[in-house]
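S.K.: Before we start, here is the structure in question, set down as C-alpha cells.
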Amino acid sequence: MANEITKPENFFMSRFGMNERALELILGDALERKADYADLYFEHRSAEGLALEESIVNHTSKSVSQGVGVRVCSEDRTGYAYTDEVTIDRMKLAAEAARAIADDRGEVPAAVHIGQLVRRHQLYELESTPLEVPLEERARILRQIDEAARAYDPRIRNVMASFAAERRVMMVVNSNGQIAADVQPLCRLNVSVIAEEEGKGRQIGGFGGGGRVEWNFFFEQERWKDYALRAARQAIINLDAVDAPAGEMQVVLGPGWPGILLHEAIGHGLEGDFNRKGVSAFSNRIGQQVASTLCTVVDDGTIPNRRGTVNVDDEGTPTSRTTLIEKGILRGYLQDRMNARLMKMAPTGNGRRESFAHAPMPRMTNTFMLPGESTADEIIKSVKHGLYAVSFGGGQVDITNGKFVFSANEAYLIEDGEVTKPVKGATLIGNGPDVLTKVSMVGNDLALDSGIGTCGKDGQSVPVGVGLPTIRIDGITVGGTRQ
Amino acid sequence: MNQFEPALAEWLLSEARACGASAAEVLLVSGESIAAGVRKGEVEKLKSSRERRLGIRVFTGQSSATASTAEFERESLAAFIANTVAMARLTAPDPASGLPDPRLHPQHWPDLELSDPKHGIVNADEALKLARAAEKAALGADPRIKNSEGAEFSSGLYAIQFANSQGFGGGYAGTSFNLGAAPIAQSDDGKMQQGYWSTSARHFDSLEDAEAVGREAARRALRRLGARKIKTTRAPVVFEPEMAAGLLRSLAGAASGPSLYKGASFLANRLDTQVAAAGVTIVDDARMPARLGSKPFDGEGLATNRKNLVEGGVLKTYLLDCYSARKLKLQPTGNASRGVGETPGVGTTNLYLEPGAHTPEAIIGTIKNGLYVTELIGFGVNAVTGDYSRGAGGLWIENGELTYPVQEITIAGNLKEMFLGIEMIGNDLRWRSSVVSPTIKIAEMMIAGE
C-alpha cells in the first residue's frame with residue numbers, strides 16, 4: 001500500500017505503460033498553438049469509509065478513481081480537458097481539446113524535455129496508513145465511541161460515528177520539464193450525537209478530527225474517546241441553550257476551529273485569482289492596514305501531518321509559509337502559477353485542485369493567527385456583556401463586497417466577565433477588510449483545529465486547516481433571535 | 001458517448017453471486033460535458049470531460065457494502081467485486097437493509113423528454129458565442145458595471161444504467177444546458193457588488209435569452225450598490241423566489257427518512273399535522289416532462305411519482321428510501337437518490353411551492369417596514385431544532401415600496417414558526433431549477449444589524 005510507493009513518479013509510468021518520451025510528445029501537442037504553458041496531472045485515489053448508526057457498523061464503502069487532466073495556459077486563458085481512461089490516445093484527444101484556448105499568437109514553444117524532479121517536502125512519511133488497518137479494527141473503534149458517548153449521559157439518544165480514509169497518488173508533469181509526484185494519505189474520524197430531554201426537545205453535538213496521520217494518532221491521549229465525549233457534552237450543553245442575542249456586540253472566539261473566521265474573512269479575499277481580476281474587497285490593498293497591530297496571519301502548507309498540508313501543490317510547487325498579514329499590514333496573496341505569473345509575483349505553493357477533473361486555483365492550506373500575550377482568562381474577564389463562541393459549523397464569504405458569515409454551534413453569554421448560559425446556534429456576520437481592525441486582545445493559546453476542515457470554491461472541495469488563539473473582537477453582528 | 005454494453009451489468013451481478021453475495025445492484029453512469037467561459041469579452045476557459053463510473057452494492061444476508069471504481073478491465077473488476085463482498089461480510093447485519101420489495105419495481109415508465117431531441121453537446125464556438133452575448137449585455141447595461149467575473153456556458157449529457165439481482169433493469173439518458181453571468185458594479189466610492197444570474201434547462205431551446213441573462217445579472221449587481229447596515233429590529237420578511245426555494249430545501253431535508261430515523265429532524269412525529277400556514281402546498285413531482293429534477297425511476301429502481309409533501313399546511317408524507325422506510329415502518333416513496341458507490345440517500349425530484357394569487361409588488365405593498373431578501377449566505381440552519389440564522393442582503397421596504405439596499409445583517413427565527421408564518425404567496429413561480437418557489441412573505445423575523 002502506501003509504503004510500497006517509494007517513488008510515486010514511477011507509479012503512473014508503470015501503471016499506464018507511459019514513459020517520459022510519450023509525455024513529452026503529449027505536452028508538445030498541448031503547446032502546438034503557441035501556448036505559454038501546459039501540464040498533465042495524473043491522479044489515483046482510493047478511499048474507504050465506514051459508519052456506525054444505532055450502535056452497529058452497518059455501512060462500509062470503498063471507491064477507486066483515476067484519471068488524467070491536461071491543462072494549457074495562454075496569457076490569462078485556461079484550456080482544460082480530462083479523461084478517466086488513461087491511454088496515450090485519450091490524452092492526445094484531451095490535449096487537442098485543451099489547446100483550443102491558445103490562438104497561435106504567442107512564441108513558438110521549445111521542445112519539452114522532462115528532466116527535473118521537483119524536491120518535495122516530507123511532511124507525512126507514514127509507516128502505514130489507516131487503510132491498512134483491518135476493517136474489523138476500524139469498526140471496533142466506532143463501537144467504542146458509541147459506548148463512550150452513550151455512557152456520558154442518559155439523555156444521549158443516538159450516536160453516529162464514521163471513519164473515512166484515503167490515499168491519493170498524484171503526479172504532475174509540465175512543459176518546463178518539471179515532474180513532481182506525491183502520495184497523500186488523509187483520514188478523518190467523526191462523531192455526531194443527538195441528546196433529548198422531555199420538555200427541552202432535541203439537540204445535536206459533534207466533534208471530529210484527523211489529518212495525514214497513522215491509525216495510532218487516534219489512540220494518543222485517547223483522542224477517539226475525547227471526540228466522543230466532546231460531541232456528547234456539546235449536545236447535552238445545548239439542551240439548556242437560551243435564545244442567542246441579536247445585534248452588534250463584543251465577541252470572544254475560543255482557540256482552534258474558530259480560526260474559520262480568518263479563512264472566510266480574509267483568506268479567500270487574498271487568493272491571487274480574485275486579486276488579479278480586481279474583484280476582491282482586498283484588491284490593490286497590499287501594504288495597507290487591514291487589521292489591528294496585534295494580528296499576524298499566515299498560511300502554512302508545511303506543518304507536518306496536518307489536514308491542510310501537502311508536500312507539493314497540485315502544480316508541483318513545494319508548499320510554503322506565506323505571511324498574509326503582519327502586525328496588521330496586508331503583506332501577501334496566495335498564488336498558483338498562472339496568477340503569480342500574471343501578477344509578476346512568485347508562486348506560493350497554493351495551486352490546488354479537487355481531483356484530475358479540475359483545473360488548479362489558488363487555495364488555502366493551514367491558515368492561522370500567531371499568538372499574542374493575553375491569557376484566555378484575561379480576555380474573558382475584560383468583557384462586560386458579550387458572546388463567547390468556541391465551536392462553529394460552516395462559513396461563507398462574498399469576495400466582492402467582503403461580507404462573511406460563520407455559524408456558532410457552541411456559544412455562551414459573557415456577563416460581567418464570567419461565562420454564563422449556553423446560547424442557541426447563531427450566525428455571525430462581518431466585513432472582511434475591517435473585522436480584524438476590531439481585534440483588541442490576542443491570546444497566548446494558539447491552537448490549530450483538530451483536522452476537519454473542507455473548503456469549497458467554484459465547485460471544488462479541498463481539505464484545509466485553520467487555527468486561532470483566543471481573541472476579542474470589539475463589535476461584530478450576532479444573528480440571534482433575542483433583542 | 002461512452003455507453004456501457006448492456007451485458008456488463010449482467011456480468012457484474014453474476015460475478016457478485018459467484019463470490020457469495022445473496023443480492024446485489026449495479027449502477028453505471030457515464031457522461032460528457034463542455035464548459036466555455038469568457039471574461040471581459042475574451043475567452044477565459046474551455047473545459048471538456050468524459051467520465052464513466054461504476055458502483056455496486058452487495059448483500060451477504062443482511063450485511064452490505066458499497067463500492068465504486070473507474071477501472072474497467074475485467075480482471076480488476078473481478079477483484080473489485082470480490083473485495084466488496086468480503087467487506088460486506090465484515091459489516092454488521094442490519095435487519096432494515098436489503099433490496100426493495102420486488103413488487104415495487106415498475107415494468108414500464110414514460111419517456112420524460114430528458115434529452116434534447118435537437119441538440120447534443122453544444123460545440124465550443126457556439127458556447128463561447130452565448131457566453132459572450134450574456135457578458136456583453138451585462139457589461140453594457142450601465143456605466144457602473146465596471147468589472148466582471150465572466151460568463152460561462154456549459155453543456156452536458158449523461159446516461160444511467162441500473163440493475164439488480166432480482167430482475168429489475170433500466171436506463172435513461174439526459175442532456176443539460178446552463179448559462180450564467182457574474183458582472184460587478186462599482187460605485188464612486190470604490191465599493192463593489194457582484195450580481196449573478198443564470199438559466200438552466202434540459203432542452204437548449206428552453207433557455208432564457210443570453211442577453212436577458214446578462215441584463216438581469218447586471219440589474220442584480222446594480223441594485224446592491226450603496227448597501228448599508230441597519231439597526232437590529234423585528235420585521236416582516238419577503239423572500240424573493242430564489243431565496244424562498246432555499247427554505248423548501250430545508251423543509252424537505254427535515255422530511256427525509258435518514259434525518260427522521262436518526263432523530264435529527266424537527267419534523268419527527270409531525271405527519272398529518274399542521275407544519276405550515278393553511279395556504280401552503282408543496283409538491284414533489286418526478287414525472288414532469290423535460291424538467292431538471294425529473295427521473296423515471298429512483299435510485300433503488302422504484303417508480304417515481306407526484307405527491308404533495310405539504311397540502312394546505314399539513315405534512316402529508318415523508319420522503320423515504322427503502323432503508324429509512326423500514327426503520328420508520330412506512331412505505332418507500334420513490335425518493336431514493338444515489339451517488340455512484342454510495343448507499344441510497346433521499347432526495348427531492350422537482351420540488352415546488354404552489355403559487356398564490358399575489359403579484360410580488362402587491363406583497364411588498366402590504367409592508368410598512370420590512371426586508372426584501374435577495375441574498376443569503378452561510379449554513380446556519382439546524383435541521384434538528386429548526387433554528388435558522390443566516391447572513392442576508394436585500395432591499396429595505398418602506399411604506400410598501402423597495403427603497404435602499406441593505407447588507408451585513410442576519411435574519412433569524414425557527415423554521416417551524418417561519419413556515420407557519422407564511423402570510424402571502426406570490427404568483428411568480430418560474431421553473432429555473434429543480435427546486436422552485438414563488439415570492440413569499442413571512443410575518444416576522446429577527447433582523448440583526450447594528
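Scheme for the C-alpha cells: letters A, B, ... for chains in order shown; per-chain residue numbers from 1; ligand numbers from 1 in order shown.
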Output as a PyMOL selection string all residues of stretch 310-437 of chain B that backbone DSSP marks as strand (DSSP E).
M.R.: chain B and resi 310-311+314-315+336-337+345-346+351-353+369-377+387-398+401-414+422-425+435-436
S.K.: Take the residues just selected and output them with C-alpha atoms as a JSON list (two decimals), in the first residue's frame.
M.R.:
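Just written: again.json:
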[["chain", "number", "residue", "atom", "x", "y", "z"],
["B", 310, "VAL", "CA", -47.41, 19.55, 2.34],
["B", 311, "GLU", "CA", -51.06, 20.13, 1.49],
["B", 314, "VAL", "CA", -50.46, 19.77, 6.64],
["B", 315, "LEU", "CA", -47.42, 17.47, 6.32],
["B", 336, "ALA", "CA", -34.12, 7.26, -3.19],
["B", 337, "SER", "CA", -31.21, 9.25, -4.55],
["B", 345, "GLY", "CA", -29.97, 8.54, 0.28],
["B", 346, "VAL", "CA", -33.10, 10.59, -0.10],
["B", 351, "LEU", "CA", -39.98, 20.33, -5.66],
["B", 352, "TYR", "CA", -42.16, 23.43, -5.73],
["B", 353, "LEU", "CA", -44.44, 25.60, -3.67],
["B", 369, "ASN", "CA", -41.29, 48.49, 7.31],
["B", 370, "GLY", "CA", -39.65, 45.23, 6.34],
["B", 371, "LEU", "CA", -36.94, 43.37, 4.46],
["B", 372, "TYR", "CA", -36.93, 42.03, 0.89],
["B", 373, "VAL", "CA", -34.27, 39.28, 0.90],
["B", 374, "THR", "CA", -32.24, 38.75, -2.28],
["B", 375, "GLU", "CA", -29.05, 37.18, -0.87],
["B", 376, "LEU", "CA", -28.44, 34.59, 1.84],
["B", 377, "ILE", "CA", -25.07, 33.22, 2.88],
["B", 387, "ASP", "CA", -33.28, 27.06, 14.39],
["B", 388, "TYR", "CA", -32.48, 29.37, 11.49],
["B", 389, "SER", "CA", -29.88, 32.17, 11.39],
["B", 390, "ARG", "CA", -28.24, 33.24, 8.12],
["B", 391, "GLY", "CA", -26.37, 36.19, 6.68],
["B", 392, "ALA", "CA", -28.66, 38.26, 4.47],
["B", 393, "GLY", "CA", -28.72, 41.10, 1.98],
["B", 394, "GLY", "CA", -31.53, 42.75, 0.09],
["B", 395, "LEU", "CA", -33.64, 45.85, -0.11],
["B", 396, "TRP", "CA", -35.42, 47.65, 2.69],
["B", 397, "ILE", "CA", -39.17, 48.08, 2.28],
["B", 398, "GLU", "CA", -40.76, 51.34, 3.44],
["B", 401, "GLU", "CA", -42.01, 50.29, -1.71],
["B", 402, "LEU", "CA", -38.48, 48.91, -2.15],
["B", 403, "THR", "CA", -36.06, 51.62, -1.05],
["B", 404, "TYR", "CA", -32.32, 51.34, -0.28],
["B", 405, "PRO", "CA", -30.15, 48.19, -0.33],
["B", 406, "VAL", "CA", -29.03, 46.58, 2.95],
["B", 407, "GLN", "CA", -26.20, 44.19, 3.82],
["B", 408, "GLU", "CA", -24.14, 42.75, 6.70],
["B", 409, "ILE", "CA", -27.27, 41.72, 8.55],
["B", 410, "THR", "CA", -28.70, 38.37, 9.61],
["B", 411, "ILE", "CA", -32.24, 37.05, 9.67],
["B", 412, "ALA", "CA", -33.14, 34.56, 12.38],
["B", 413, "GLY", "CA", -36.09, 32.52, 13.53],
["B", 414, "ASN", "CA", -37.15, 28.89, 13.65],
["B", 422, "ILE", "CA", -46.09, 32.41, 5.64],
["B", 423, "GLU", "CA", -48.70, 35.14, 5.15],
["B", 424, "MET", "CA", -48.70, 35.60, 1.40],
["B", 425, "ILE", "CA", -47.57, 33.56, -1.62],
["B", 435, "VAL", "CA", -36.45, 23.33, -6.50],
["B", 436, "VAL", "CA", -38.53, 26.45, -7.12]]
S.K.: Residues of chain B within 6 Å of chain A, using only C-alpha atoms, as a PDB file with C-alpha atoms, in the first residue's frame?
M.R.:
ATOM      1  CA  GLU B  44     -11.005  32.725 -20.395  1.00  0.00           C
ATOM      2  CA  LYS B  45     -11.540  28.991 -20.127  1.00  0.00           C
ATOM      3  CA  LEU B  46     -12.548  25.922 -22.025  1.00  0.00           C
ATOM      4  CA  LYS B  47     -13.125  22.637 -20.276  1.00  0.00           C
ATOM      5  CA  SER B  48     -14.110  19.298 -21.677  1.00  0.00           C
ATOM      6  CA  SER B  49     -14.584  15.983 -19.978  1.00  0.00           C
ATOM      7  CA  ARG B  50     -15.650  12.410 -20.347  1.00  0.00           C
ATOM      8  CA  GLU B  51     -16.164  10.112 -17.442  1.00  0.00           C
ATOM      9  CA  ALA B  65     -21.144  -2.900   1.381  1.00  0.00           C
ATOM     10  CA  THR B  66     -20.939  -0.378  -1.433  1.00  0.00           C
ATOM     11  CA  ALA B  67     -18.081   0.426  -3.778  1.00  0.00           C
ATOM     12  CA  SER B  68     -17.245   2.352  -6.899  1.00  0.00           C
ATOM     13  CA  THR B  69     -14.480   2.247  -9.434  1.00  0.00           C
ATOM     14  CA  ALA B  70     -13.329   3.749 -12.702  1.00  0.00           C
ATOM     15  CA  THR B  91     -20.250  -5.364   8.159  1.00  0.00           C
ATOM     16  CA  ALA B  92     -22.788  -5.898  10.927  1.00  0.00           C
ATOM     17  CA  MET B 192     -18.032  46.717  -5.437  1.00  0.00           C
ATOM     18  CA  GLN B 193     -21.033  44.383  -5.656  1.00  0.00           C
ATOM     19  CA  THR B 232     -31.431  45.477  14.819  1.00  0.00           C
ATOM     20  CA  GLY B 378     -23.848  30.647   5.370  1.00  0.00           C
ATOM     21  CA  PHE B 379     -25.078  27.372   6.773  1.00  0.00           C
ATOM     22  CA  GLY B 380     -26.986  28.495   9.844  1.00  0.00           C
ATOM     23  CA  SER B 389     -29.876  32.165  11.392  1.00  0.00           C
ATOM     24  CA  ARG B 390     -28.243  33.238   8.124  1.00  0.00           C
ATOM     25  CA  THR B 410     -28.701  38.372   9.607  1.00  0.00           C
ATOM     26  CA  ALA B 412     -33.135  34.559  12.376  1.00  0.00           C
ATOM     27  CA  MET B 446     -35.494  38.957  13.904  1.00  0.00           C
ATOM     28  CA  ALA B 448     -29.771  41.671  13.412  1.00  0.00           C
ATOM     29  CA  GLY B 449     -27.638  44.587  12.276  1.00  0.00           C
ATOM     30  CA  GLU B 450     -26.134  47.446  14.263  1.00  0.00           C
TER      31      GLU B 450
END
S.K.: Got a sec: who's within 6 Å of stretch 202-219 of chain B, counting only C-alpha atoms, leaving out chain neighbours fewer than 6 positions off, as number ranges by chain?
M.R.: B: 116, 133-135, 137-138, 175-176, 181, 183, 195-196
S.K.: Could the residues in this selection be saved with N, CA and C atoms as an mmCIF file, in the first residue's frame?
M.R.:
data_model
loop_
_atom_site.group_PDB
_atom_site.id
_atom_site.type_symbol
_atom_site.label_atom_id
_atom_site.label_comp_id
_atom_site.auth_asym_id
_atom_site.auth_seq_id
_atom_site.Cartn_x
_atom_site.Cartn_y
_atom_site.Cartn_z
ATOM 1 N N ASP B 116 -32.505 16.426 -25.056
ATOM 2 C CA ASP B 116 -32.888 17.371 -26.099
ATOM 3 C C ASP B 116 -32.900 16.623 -27.430
ATOM 4 N N ALA B 133 -22.320 36.805 -25.485
ATOM 5 C CA ALA B 133 -23.535 37.616 -25.623
ATOM 6 C C ALA B 133 -24.074 37.994 -24.247
ATOM 7 N N ALA B 134 -24.065 37.033 -23.322
ATOM 8 C CA ALA B 134 -24.583 37.309 -21.980
ATOM 9 C C ALA B 134 -23.700 38.335 -21.279
ATOM 10 N N GLU B 135 -22.372 38.155 -21.352
ATOM 11 C CA GLU B 135 -21.489 39.074 -20.643
ATOM 12 C C GLU B 135 -21.544 40.474 -21.251
ATOM 13 N N ALA B 137 -24.032 41.906 -22.751
ATOM 14 C CA ALA B 137 -25.268 42.576 -22.314
ATOM 15 C C ALA B 137 -25.116 43.083 -20.886
ATOM 16 N N ALA B 138 -24.428 42.308 -20.039
ATOM 17 C CA ALA B 138 -24.226 42.721 -18.642
ATOM 18 C C ALA B 138 -23.312 43.942 -18.582
ATOM 19 N N THR B 175 -29.843 15.387 -21.144
ATOM 20 C CA THR B 175 -28.963 16.500 -21.502
ATOM 21 C C THR B 175 -29.201 17.636 -20.522
ATOM 22 N N SER B 176 -28.247 18.534 -20.423
ATOM 23 C CA SER B 176 -28.468 19.750 -19.641
ATOM 24 C C SER B 176 -27.637 20.882 -20.226
ATOM 25 N N ALA B 181 -23.973 34.490 -15.810
ATOM 26 C CA ALA B 181 -23.115 35.674 -15.923
ATOM 27 C C ALA B 181 -22.957 36.312 -14.553
ATOM 28 N N PRO B 183 -21.463 39.838 -13.489
ATOM 29 C CA PRO B 183 -20.851 41.169 -13.606
ATOM 30 C C PRO B 183 -20.669 41.817 -12.237
ATOM 31 N N GLY B 195 -23.309 40.706 -9.161
ATOM 32 C CA GLY B 195 -24.661 40.203 -9.428
ATOM 33 C C GLY B 195 -24.515 38.904 -10.182
ATOM 34 N N TYR B 196 -25.402 37.956 -9.956
ATOM 35 C CA TYR B 196 -25.315 36.700 -10.684
ATOM 36 C C TYR B 196 -26.697 36.301 -11.166
#
S.K.: Residues within 7 Å of B:Ala290, please, as a short mmCIF file (atom, residue, chain, number, x, y, z; two decimals) with C-alpha atoms, in the first residue's frame. Count only C-alpha atoms; anything in the same chain fewer than 6 positions from it doesn't count.
M.R.:
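What follows is the written file out-v8.cif:
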data_model
loop_
_atom_site.label_atom_id
_atom_site.label_comp_id
_atom_site.auth_asym_id
_atom_site.auth_seq_id
_atom_site.Cartn_x
_atom_site.Cartn_y
_atom_site.Cartn_z
CA LEU B 112 -39.79 12.13 -19.67
CA GLU B 113 -38.09 14.01 -22.52
CA LEU B 114 -34.90 14.31 -20.52
CA ARG B 202 -32.67 20.11 -20.26
#
S.K.: Using only C-alpha atoms, which of the listed residues (A:Pro463, A:Pro109, A:Pro318, A:Pro185) sits closest to A:Glu125?
M.R.: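 Ranking A:Pro463, A:Pro109, A:Pro318, A:Pro185 by distance to A:Glu125, first place goes to A:Pro185.
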S.K.: Go through A:Leu93, A:Leu261, A:Ile325, A:Val213 one by one, measure the shortest atom-to-atom distance of each to A:Ser450 using only C-alpha atoms, and give the residue with the smallest value.
M.R.: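 Checking each candidate against A:Ser450, we get A:Val213 as the closest.
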S.K.: Might you pull out every residue within 12 Å of B:Ile81, with only C-alpha atoms counted and same-chain residues fewer than 6 positions away left off, and present them as a ChimeraX atom specification?
M.R.: /A:62-63 /B:11-21,24-26,54-59,65-69,71-72,74-75,87-88
S.K.: Can you tell me, as a ChimeraX atom specification, which residues in stretch 89-196 of chain A count as helix (DSSP H, G or I) by DSSP?
M.R.: /A:89-99,130-132,135-152
S.K.: Go through B:Asn335, B:Ser148, B:Ser64, B:Thr233 one by one, measure the shortest atom-to-atom distance of each to B:Leu302 using only C-alpha atoms, and give the residue with the smallest value.
M.R.: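 Checking each candidate against B:Leu302, we get B:Asn335 as the closest.
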S.K.: Got a sec: who's within 7 Å of stretch 185-190 of chain B, counting only C-alpha atoms, leaving out chain neighbours fewer than 5 positions off, as an MDAnalysis selection string?
M.R.: chainID B and resid 144:147 221:222 225
